[in-house]
Amino acid sequence: MVAGAFERELICRYRSSDSAEEMQIGLDFDEEGRRYAPDRSVDVLHIKLDVRPDFARRTISGTTYLTFSPISQPLSSLRLDAVNLTISAVRCPAGVADFVSTAKDLEIQFAHAIPPGTKTTIEIDYSAEPLAGLYFRTPEMGYPAGDTHCWTQGETHEARCWFPCFDYPNERSSTEIICRVPPDMTVLSNGRKLGEMLDSSTGLKAVHWYQEKPHVNYLICLVAGYLKGLTKQHRDVQLGFYTQPSLFEHAANSFEDTPAIMEFYEQEIGVPFPWDKYDQVTICDFTAGGMENTSLTTLTHRTIFSKASENIRSTRGLDAHEMAHQWFGDLVTCKDWSHLWLNEGFATYYALLYEGHKFGDDALRYGLYEDATDRVLTRQEDTRPIVFNQYKNSSEQFDYRAYPKGSWVLHMLRCQLGPDLYRDCIREYLMRHALSSVVTDDLRQIMEQKSGRTFDQFFDQWVYHARHPDLKIEYQWLPETKLAKVTVRQTQQVNDHVLLFHLPTKVRFVVGGNDLDRQIVIDREQHDFYFPLAEKPTVVRFDPDYTLLARVEFDLPDEMLFNQLDRKNDMMGRLLATVALGNRRTQQSVQRLKKTLNEDPFFGVRLAASESLQKIQNDGSFKALAESLRQADARVRLRVVRDIASFYRDESLEILKTVAAYEPNPAIRAEAIRALGQYPPDKTRNDLLTYLRTESFGDEIALAATAAIEQQKDPSYRDPLMETIAERVDQFDSRSIGQTLSTLAVICSQDDDKTPVRNLLEGYLSSPKQAVRVAAIRALGELKDPRTASMISSFIVPDSPDRVSQAAAATLKEIQEQAALVPAEVIELRNLVQKVKEENEKLRKDLDDLKARVEATNGTK
Ligand SMILES: [Zn+2]
């Protein structure tokens with residue numbers, strides 16, 4: 001899965017050009033304590049769902065057919081996960097003595113115990129008004145009628161909210177779905193389509209899909225509605241890309257790379273695409289960024305972009321991530337959520353491998369660098385390892401440990417084994433465990449068998465213990481002995497959670513224009529390495545091939561950094577030198593950074609040069625940035641604008657205003673508009689009001705203006721914002737409405753009379769769109785008006801999987817915490833004010849008294 005909560009820019013992902021990652025979705029019905037996969041009393045062999053979604057009522061009804069055989073004991077009863085399902089009948093050849101359906105599950109008592117190994121099919125008639133698992137997008141909910149659709153989301157534990165099942169990934173079965181819909185709708189599901197048939201008695205079309213190879217329950221998916229599609233082909237694999245008709249115009253942009261990604265994966269992984277076909281479909285207001293259902297990936301509609309955004313937006317990363325899951329996650333699946341990295345780490349890493357394949361190795365390294373610096377190395381205090389089973393909710397596992405850190409673990413294994421042996425190991429891992437559930441040790445065993453090495457320590461330090469190493473490197477040239485001395489210290493705190501690391505790597509010296517590599521192993525707290533060299537090196541590089549996930553502190557003299565910056569064949573060296581020069585406030589470093597920003601062949605180095613100039617924050621670096629605005633690569637242009645915006649000065653404001661008005665790329669305009677928010681309203685108000693009313697793809701310009709207004713915290717924007725919401729409510733998507741409501745609440749949170757805003761926000765609590773109701777609840781929290789508490793609490797249903805209820809509970813908690821804080825502070829403030837008042841009063845009296853006396857002394861006037 002790829003998520004929305006870490007959304008930056010448009011969709012997910014940490015690389016501005018891509019999309020993806022972590023989302024706090026997923027329901028968990030586990031109890032407290034350590035988590036393990038549940039026991040299986042039966043082997044589920046086949047699941048057949050015959051269902052009819054009712055779009056007007058947002059309900060589903062039908063029959064679930066479960067074919068299974070008891071594993072080791074005669075089976076007298078069977079418990080299935082079933083959340084808020086209305087069960088009307090249960091049938092079984094062995095006879096049904098009774099069944100009990102609760103809010104959480106369904107327990108069936110058989111008339112006669114079913115002997116182990118006996119294949120049995122039970123039939124369960126049911127209906128549901130799902131709060132999760134199955135979602136609708138209909139005109140009654142405020143979506144365009146022509147885009148009506150419904151879809152299902154399984155991971156982690158949502159499938160049980162729309163059909164009764166054994167809802168855990170340590171069980172696999174073949175599956176089959178018959179879905180009955182109006183004849184002009186499209187139905188997508190897992191596997192291959194067996195056919196479509198019009199039922200004259202109901203006027204509905206029954207579409208029949210069959211998934212032959214067994215997969216886990218959370219990968220079952222159904223999407224039905226008005227969809228428009230494009231198709232392509234890779235070998236004999238049919239590739240489909242579907243969107244809502246209103247988005248179809250831009251669909252091809254997001255479908256560009258799919259055949260090439262599949263071709264690359266088949267080569268790199270060495271196992272052919274394992275399923276019957278591969279479809280991708282966008283979902284309006286999806287609950288995540290993307291979801292890798294077997295042969296049918298669902299994607300957020302926000303992955304659709306207009307060409308005007310150039311290379312700032314792309315679906316490539318999301319596409320590659322979800323497709324990698326078709327092998328890692330779907331063909332082999334983590335047995336329980338503690339081993340989630342076996343799904344997400346692989347999907348993250350293979351998406352980067354595709355970047356490397358498409359744009360060269362530097363693109364792969366740069367992706368790893370961004371993951372490390374932005375997402376992993378910042379997590380210094382976390383004591384949780386990657387494999388961790390003490391989570392409270394399974395969604396906690398979907399974080400940096402499973403995604404970028406898991407990806408880095410694979411990268412380090414690939415560096416240690418070499419790409420060919422690594423590929424062999426991965427191929428063997430997939431072949432041996434195909435169509436089954438895996439744990440981390442399955443991977444370790446194969447690596448050991450294929451390489452002859454032991455990987456216990458590697459997995460222990462990186463996967464079963466927390467954190468990463470912090471390395472402090474010092475270099476010294478000893479001229480008398482012609483020795484280069486390199487000192488390496490591991491400075492992370494070693495304790496029960498974090499080990500002292502064992503790290504093989506190398507040091508590279510550039511001597512007389514030649515690269516000399518020296519292997520080293522770091523396995524102690526401190527090492528002094530001595531290397532005899534013919535002459536003093538011009539460049540010293542630690543871990544030059546970028547094989548270690550570590551926070552490295554290596555302070556080098558300017559001259560060596562400049563030498564490093566000149567090396568055309570060492571992108572990582574230039575990148576690190578560029579970052580280091582951001583700490584040198586010299587004219588020379590500003591000049592070199594400006595040159596790098598405009599001339600370096602790799603865009604990531606140019607980005608870093610812009611950022612370093614920003615960091616230097618003097619007149620020279622501002623001038624260098626201002627003179628570097630003309631950049632052909634939109635990503636670099638965006639960064640230069642962002643970095644210019646960090647200088648608070650009139651010249652900067654002028655540039656931002658010009659970019660906001662004339663830049664053709666909407667993403668870059670939006671960046672400049674957001675930055676206007678730092679300046680006082682008297683200098684920017686008219687511009688911001690104009691942009692607030694500007695229409696653009698995905699409301700990008702209006703949302704940028706909203707963000708700027710929020711920063712200014714000026715309540716005089718209240719009326720224009722309220723007007724914008726009223727005028728645009730039908731055009732704005734849920735996220736745009738939500739953001740505007742939130743801004744309104746923030747800028748009015750200090751108002752004496754919050755009634756108009758409170759009334760407006762409360763009005764949105766009855767919006768048919770769930771995402772808007774959630775946003776309205778959160779905005780009410782931001783309004784900081786204690787009178788909203790009772791309204792918010794009325795939305796709380798204990799233990800409900802409904803996101804509105806969950807948002808209400810979280811918001812109410814925040815309000816109560818704020819309220820709890822208030823008395824102590826207020827009492828103190830009141831006392832202080834009272835004291836000041838009394839003192840004032842006394843002073844005034846004294847003064848009056850004095851005046852009176854003076855007047856008295858002066859005698860009558
Ligand atoms: Zn994923």
# chains A, B, ... in the order shown; residues from 1 in each chain; ligands from 1
$ residues_near_ligand --ligand "ligand 1" --cutoff "12 Å" --atoms "only C-alpha atoms and all ligand atoms" --output "ChimeraX atom specification"
/A:1-4,12-13,19-23,155-156,288-293,297-299,317-330,333,340-351,397-400,402-404,406-407
$ closest_residue --among "A:Ile178, A:Val223, A:Cys334, A:Leu765" --to "A:Trp151" --atoms "only C-alpha atoms"
A:Val223
$ select_by_dssp --residues "stretch 717-833 of chain A" --states "helix (DSSP H, G or I)" --output "PyMOL selection string"
chain A and resi 717-728+734-747+755-764+770-783+786-793+803-833
$ closest_residue --among "A:Glu525, A:Asp147, A:Asp600, A:Glu396" --to "A:Ala224" --atoms "only C-alpha atoms"
A:Asp147
$ residues_around --residues "A:Thr202" --least-positions-apart "5" --cutoff "12 Å" --atoms "only C-alpha atoms" --output "list of chain:residue names"
A:Arg52, A:Arg180, A:Val181, A:Pro182, A:Pro183, A:Met197
$ select_by_dssp --residues "stretch 58-226 of chain A" --states "strand (DSSP E or B)" --output "JSON, numbers by chain"
{"A": [59, 60, 61, 62, 63, 64, 65, 66, 67, 68, 69, 70, 75, 76, 77, 78, 79, 80, 81, 85, 86, 87, 88, 89, 90, 91, 96, 97, 98, 99, 100, 101, 105, 106, 107, 108, 109, 110, 111, 112, 113, 114, 120, 121, 122, 123, 124, 125, 126, 127, 128, 134, 135, 136, 137, 149, 150, 151, 152, 165, 172, 173, 174, 175, 176, 177, 178, 179, 180, 181, 186, 187, 188, 189, 192, 193, 194, 195, 196, 197, 198, 199, 204, 205, 206, 207, 208, 209, 210, 211, 212, 213, 214, 215, 216, 222, 223, 224, 225]}
$ residues_around --residues "A:Arg365" --least-positions-apart "3" --cutoff "8 Å" --atoms "only C-alpha atoms" --output "VMD selection string"
chain A and resid 356 361 to 362 368 to 369 546 572
$ atom_distance --atom1 "atom CA of A:Glu355" --atom2 "atom CA of A:Gln267"
14.6 Å
$ closest_residue --among "A:His112, A:Arg551, A:Lys228, A:Arg674" --to "A:His149" --atoms "only C-alpha atoms"
A:Lys228
$ atom_distance --atom1 "atom CA of A:Met560" --atom2 "atom CA of A:Pro537"
9.0 Å
$ residues_around --residues "A:Cys748" --least-positions-apart "2" --cutoff "8 Å" --atoms "only C-alpha atoms" --output "list of chain:residue names"
A:Lys713, A:Asp714, A:Pro715, A:Arg718, A:Leu744, A:Ala745, A:Val746, A:Gln750, A:Asp751, A:Lys754, A:Val757, A:Leu783
$ write_last_selection --atoms "N, CA and C atoms" --output "tab-separated table (two decimals), in the first residue's frame"
chain	number	residue	atom	x	y	z
A	713	LYS	N	-2.74	34.59	9.19
A	713	LYS	CA	-3.62	34.57	10.37
A	713	LYS	C	-4.39	35.88	10.55
A	714	ASP	N	-4.85	36.44	9.45
A	714	ASP	CA	-5.57	37.72	9.52
A	714	ASP	C	-7.06	37.44	9.36
A	715	PRO	N	-7.86	37.71	10.42
A	715	PRO	CA	-9.29	37.35	10.35
A	715	PRO	C	-10.06	38.14	9.30
A	718	ARG	N	-11.85	36.37	6.52
A	718	ARG	CA	-12.97	35.47	6.81
A	718	ARG	C	-14.05	35.50	5.72
A	744	LEU	N	-10.00	28.64	7.41
A	744	LEU	CA	-11.00	29.52	7.99
A	744	LEU	C	-10.99	29.39	9.52
A	745	ALA	N	-10.93	28.16	10.00
A	745	ALA	CA	-10.95	27.92	11.45
A	745	ALA	C	-9.70	28.51	12.09
A	746	VAL	N	-8.55	28.32	11.44
A	746	VAL	CA	-7.30	28.81	12.03
A	746	VAL	C	-7.29	30.33	12.13
A	750	GLN	N	-8.92	33.20	16.98
A	750	GLN	CA	-8.75	34.21	18.02
A	750	GLN	C	-9.92	35.20	18.04
A	751	ASP	N	-10.91	35.01	17.16
A	751	ASP	CA	-12.05	35.94	17.10
A	751	ASP	C	-12.83	35.95	18.41
A	754	LYS	N	-17.09	33.73	17.37
A	754	LYS	CA	-16.79	32.68	16.40
A	754	LYS	C	-18.07	32.09	15.79
A	757	VAL	N	-18.46	31.39	11.84
A	757	VAL	CA	-17.59	30.31	11.34
A	757	VAL	C	-18.03	28.97	11.92
A	783	LEU	N	-10.77	25.57	15.50
A	783	LEU	CA	-11.44	26.83	15.84
A	783	LEU	C	-11.26	27.15	17.33
$ residues_around --residues "stretch 629-643 of chain A" --least-positions-apart "6" --cutoff "6 Å" --atoms "only C-alpha atoms" --output "NGL selection string"
:A and (312 or 607 or 610 or 614 or 668)
$ atom_distance --atom1 "atom CA of A:Phe264" --atom2 "atom CA of A:Val376"
27.3 Å
$ residues_around --residues "A:Asp558" --least-positions-apart "4" --cutoff "9 Å" --atoms "only C-alpha atoms" --output "list in words"
Phe562, Asn563, Leu581, Arg584 and Ser589 of chain A
$ write_last_selection --atoms "all heavy atoms" --output "PDB file, in the first residue's frame"
ATOM      1  N   PHE A 562      36.093  21.440  -2.961  1.00  0.00           N
ATOM      2  CA  PHE A 562      36.073  21.969  -4.329  1.00  0.00           C
ATOM      3  C   PHE A 562      36.582  20.914  -5.321  1.00  0.00           C
ATOM      4  O   PHE A 562      36.033  20.765  -6.404  1.00  0.00           O
ATOM      5  CB  PHE A 562      36.937  23.248  -4.432  1.00  0.00           C
ATOM      6  CG  PHE A 562      36.374  24.397  -3.642  1.00  0.00           C
ATOM      7  CD1 PHE A 562      37.211  25.299  -2.994  1.00  0.00           C
ATOM      8  CD2 PHE A 562      34.998  24.591  -3.540  1.00  0.00           C
ATOM      9  CE1 PHE A 562      36.704  26.368  -2.269  1.00  0.00           C
ATOM     10  CE2 PHE A 562      34.474  25.661  -2.815  1.00  0.00           C
ATOM     11  CZ  PHE A 562      35.329  26.539  -2.165  1.00  0.00           C
ATOM     12  N   ASN A 563      37.613  20.173  -4.915  1.00  0.00           N
ATOM     13  CA  ASN A 563      38.102  19.096  -5.791  1.00  0.00           C
ATOM     14  C   ASN A 563      37.005  18.048  -6.032  1.00  0.00           C
ATOM     15  O   ASN A 563      36.824  17.550  -7.143  1.00  0.00           O
ATOM     16  CB  ASN A 563      39.311  18.393  -5.159  1.00  0.00           C
ATOM     17  CG  ASN A 563      40.526  19.307  -5.094  1.00  0.00           C
ATOM     18  OD1 ASN A 563      40.584  20.311  -5.794  1.00  0.00           O
ATOM     19  ND2 ASN A 563      41.479  18.965  -4.229  1.00  0.00           N
ATOM     20  N   LEU A 581      29.162  22.656   1.530  1.00  0.00           N
ATOM     21  CA  LEU A 581      29.471  24.069   1.258  1.00  0.00           C
ATOM     22  C   LEU A 581      28.370  25.002   1.768  1.00  0.00           C
ATOM     23  O   LEU A 581      28.605  26.201   1.936  1.00  0.00           O
ATOM     24  CB  LEU A 581      29.711  24.286  -0.241  1.00  0.00           C
ATOM     25  CG  LEU A 581      31.025  23.712  -0.767  1.00  0.00           C
ATOM     26  CD1 LEU A 581      31.127  23.886  -2.284  1.00  0.00           C
ATOM     27  CD2 LEU A 581      32.232  24.375  -0.083  1.00  0.00           C
ATOM     28  N   ARG A 584      29.572  26.864   4.697  1.00  0.00           N
ATOM     29  CA  ARG A 584      30.707  27.776   4.547  1.00  0.00           C
ATOM     30  C   ARG A 584      30.189  29.102   4.004  1.00  0.00           C
ATOM     31  O   ARG A 584      29.762  29.170   2.860  1.00  0.00           O
ATOM     32  CB  ARG A 584      31.726  27.221   3.536  1.00  0.00           C
ATOM     33  CG  ARG A 584      32.124  25.790   3.748  1.00  0.00           C
ATOM     34  CD  ARG A 584      33.104  25.687   4.909  1.00  0.00           C
ATOM     35  NE  ARG A 584      33.958  24.536   4.739  1.00  0.00           N
ATOM     36  CZ  ARG A 584      33.625  23.299   5.110  1.00  0.00           C
ATOM     37  NH1 ARG A 584      32.455  23.057   5.650  1.00  0.00           N
ATOM     38  NH2 ARG A 584      34.459  22.308   4.933  1.00  0.00           N
ATOM     39  N   SER A 589      32.626  29.926  -1.778  1.00  0.00           N
ATOM     40  CA  SER A 589      31.649  28.836  -1.806  1.00  0.00           C
ATOM     41  C   SER A 589      30.352  29.288  -2.481  1.00  0.00           C
ATOM     42  O   SER A 589      29.717  28.519  -3.193  1.00  0.00           O
ATOM     43  CB  SER A 589      31.410  28.253  -0.406  1.00  0.00           C
ATOM     44  OG  SER A 589      30.820  29.191   0.424  1.00  0.00           O
TER      45      SER A 589
END
$ decode --residues "stretch 305-319 of chain A" --atoms "all heavy atoms" --output "short mmCIF file (atom, residue, chain, number, x, y, z; two decimals), in the first residue's frame"
data_model
loop_
_atom_site.label_atom_id
_atom_site.label_comp_id
_atom_site.auth_asym_id
_atom_site.auth_seq_id
_atom_site.Cartn_x
_atom_site.Cartn_y
_atom_site.Cartn_z
N PHE A 305 -2.51 14.04 -13.48
CA PHE A 305 -1.94 15.39 -13.48
C PHE A 305 -1.98 15.96 -14.89
O PHE A 305 -2.10 15.23 -15.87
CB PHE A 305 -0.50 15.36 -12.97
CG PHE A 305 0.41 14.47 -13.78
CD1 PHE A 305 1.18 14.98 -14.80
CD2 PHE A 305 0.47 13.10 -13.52
CE1 PHE A 305 2.00 14.15 -15.56
CE2 PHE A 305 1.29 12.27 -14.27
CZ PHE A 305 2.05 12.80 -15.28
N SER A 306 -1.87 17.29 -14.96
CA SER A 306 -1.86 17.92 -16.28
C SER A 306 -0.40 18.08 -16.72
O SER A 306 0.49 18.26 -15.89
CB SER A 306 -2.58 19.26 -16.24
OG SER A 306 -1.68 20.26 -15.80
N LYS A 307 -0.19 18.05 -18.00
CA LYS A 307 1.17 18.15 -18.56
C LYS A 307 1.84 19.48 -18.19
O LYS A 307 3.06 19.59 -18.22
CB LYS A 307 1.12 18.02 -20.08
CG LYS A 307 1.05 16.58 -20.56
CD LYS A 307 2.44 15.94 -20.58
CE LYS A 307 2.39 14.55 -21.20
NZ LYS A 307 3.50 13.70 -20.76
N ALA A 308 1.00 20.50 -17.87
CA ALA A 308 1.56 21.81 -17.56
C ALA A 308 2.52 21.76 -16.37
O ALA A 308 3.39 22.62 -16.23
CB ALA A 308 0.44 22.80 -17.28
N SER A 309 2.39 20.75 -15.52
CA SER A 309 3.27 20.67 -14.35
C SER A 309 4.64 20.08 -14.68
O SER A 309 5.46 19.90 -13.79
CB SER A 309 2.60 19.88 -13.22
OG SER A 309 2.35 18.57 -13.64
N GLU A 310 4.89 19.81 -15.97
CA GLU A 310 6.18 19.28 -16.45
C GLU A 310 6.61 18.07 -15.62
O GLU A 310 5.79 17.23 -15.30
CB GLU A 310 7.25 20.39 -16.44
CG GLU A 310 6.88 21.57 -17.33
CD GLU A 310 7.81 22.74 -17.12
OE1 GLU A 310 8.94 22.70 -17.63
OE2 GLU A 310 7.41 23.71 -16.46
N ASN A 311 7.89 18.01 -15.24
CA ASN A 311 8.35 16.81 -14.52
C ASN A 311 8.16 16.92 -13.00
O ASN A 311 8.68 16.10 -12.25
CB ASN A 311 9.80 16.49 -14.86
CG ASN A 311 10.73 17.64 -14.52
OD1 ASN A 311 10.29 18.65 -13.98
ND2 ASN A 311 12.01 17.48 -14.82
N ILE A 312 7.43 17.93 -12.55
CA ILE A 312 7.19 18.04 -11.10
C ILE A 312 6.20 16.98 -10.65
O ILE A 312 6.29 16.46 -9.54
CB ILE A 312 6.72 19.47 -10.74
CG1 ILE A 312 7.91 20.43 -10.91
CG2 ILE A 312 6.17 19.53 -9.32
CD1 ILE A 312 7.57 21.88 -10.75
N ARG A 313 5.27 16.63 -11.51
CA ARG A 313 4.32 15.58 -11.17
C ARG A 313 4.54 14.37 -12.08
O ARG A 313 4.84 14.52 -13.26
CB ARG A 313 2.89 16.06 -11.40
CG ARG A 313 2.55 17.33 -10.69
CD ARG A 313 1.62 17.09 -9.53
NE ARG A 313 1.17 18.34 -8.97
CZ ARG A 313 1.85 19.01 -8.04
NH1 ARG A 313 2.99 18.54 -7.58
NH2 ARG A 313 1.39 20.15 -7.58
N SER A 314 4.35 13.20 -11.48
CA SER A 314 4.45 11.98 -12.27
C SER A 314 3.79 10.87 -11.48
O SER A 314 3.78 10.90 -10.26
CB SER A 314 5.92 11.67 -12.54
OG SER A 314 6.08 10.30 -12.82
N THR A 315 3.24 9.89 -12.18
CA THR A 315 2.69 8.72 -11.50
C THR A 315 3.72 7.59 -11.46
O THR A 315 3.48 6.54 -10.89
CB THR A 315 1.41 8.25 -12.23
OG1 THR A 315 0.51 9.35 -12.29
CG2 THR A 315 0.69 7.12 -11.49
N ARG A 316 4.89 7.84 -12.06
CA ARG A 316 5.87 6.77 -12.26
C ARG A 316 6.22 6.04 -10.96
O ARG A 316 6.20 4.81 -10.91
CB ARG A 316 7.13 7.36 -12.89
CG ARG A 316 8.15 6.36 -13.34
CD ARG A 316 9.28 7.05 -14.07
NE ARG A 316 10.03 7.93 -13.20
CZ ARG A 316 10.04 9.27 -13.31
NH1 ARG A 316 9.38 9.88 -14.27
NH2 ARG A 316 10.74 10.01 -12.47
N GLY A 317 6.51 6.79 -9.90
CA GLY A 317 6.92 6.16 -8.64
C GLY A 317 5.81 5.32 -8.04
O GLY A 317 6.05 4.20 -7.55
N LEU A 318 4.60 5.83 -8.08
CA LEU A 318 3.45 5.10 -7.54
C LEU A 318 3.17 3.86 -8.37
O LEU A 318 2.94 2.76 -7.84
CB LEU A 318 2.23 6.05 -7.53
CG LEU A 318 0.93 5.53 -6.95
CD1 LEU A 318 1.08 5.11 -5.50
CD2 LEU A 318 -0.17 6.61 -7.06
N ASP A 319 3.20 4.02 -9.69
CA ASP A 319 2.99 2.92 -10.62
C ASP A 319 4.01 1.80 -10.33
O ASP A 319 3.66 0.63 -10.16
CB ASP A 319 3.15 3.48 -12.05
CG ASP A 319 2.73 2.50 -13.14
OD1 ASP A 319 2.55 1.31 -12.82
OD2 ASP A 319 2.61 2.91 -14.30
#
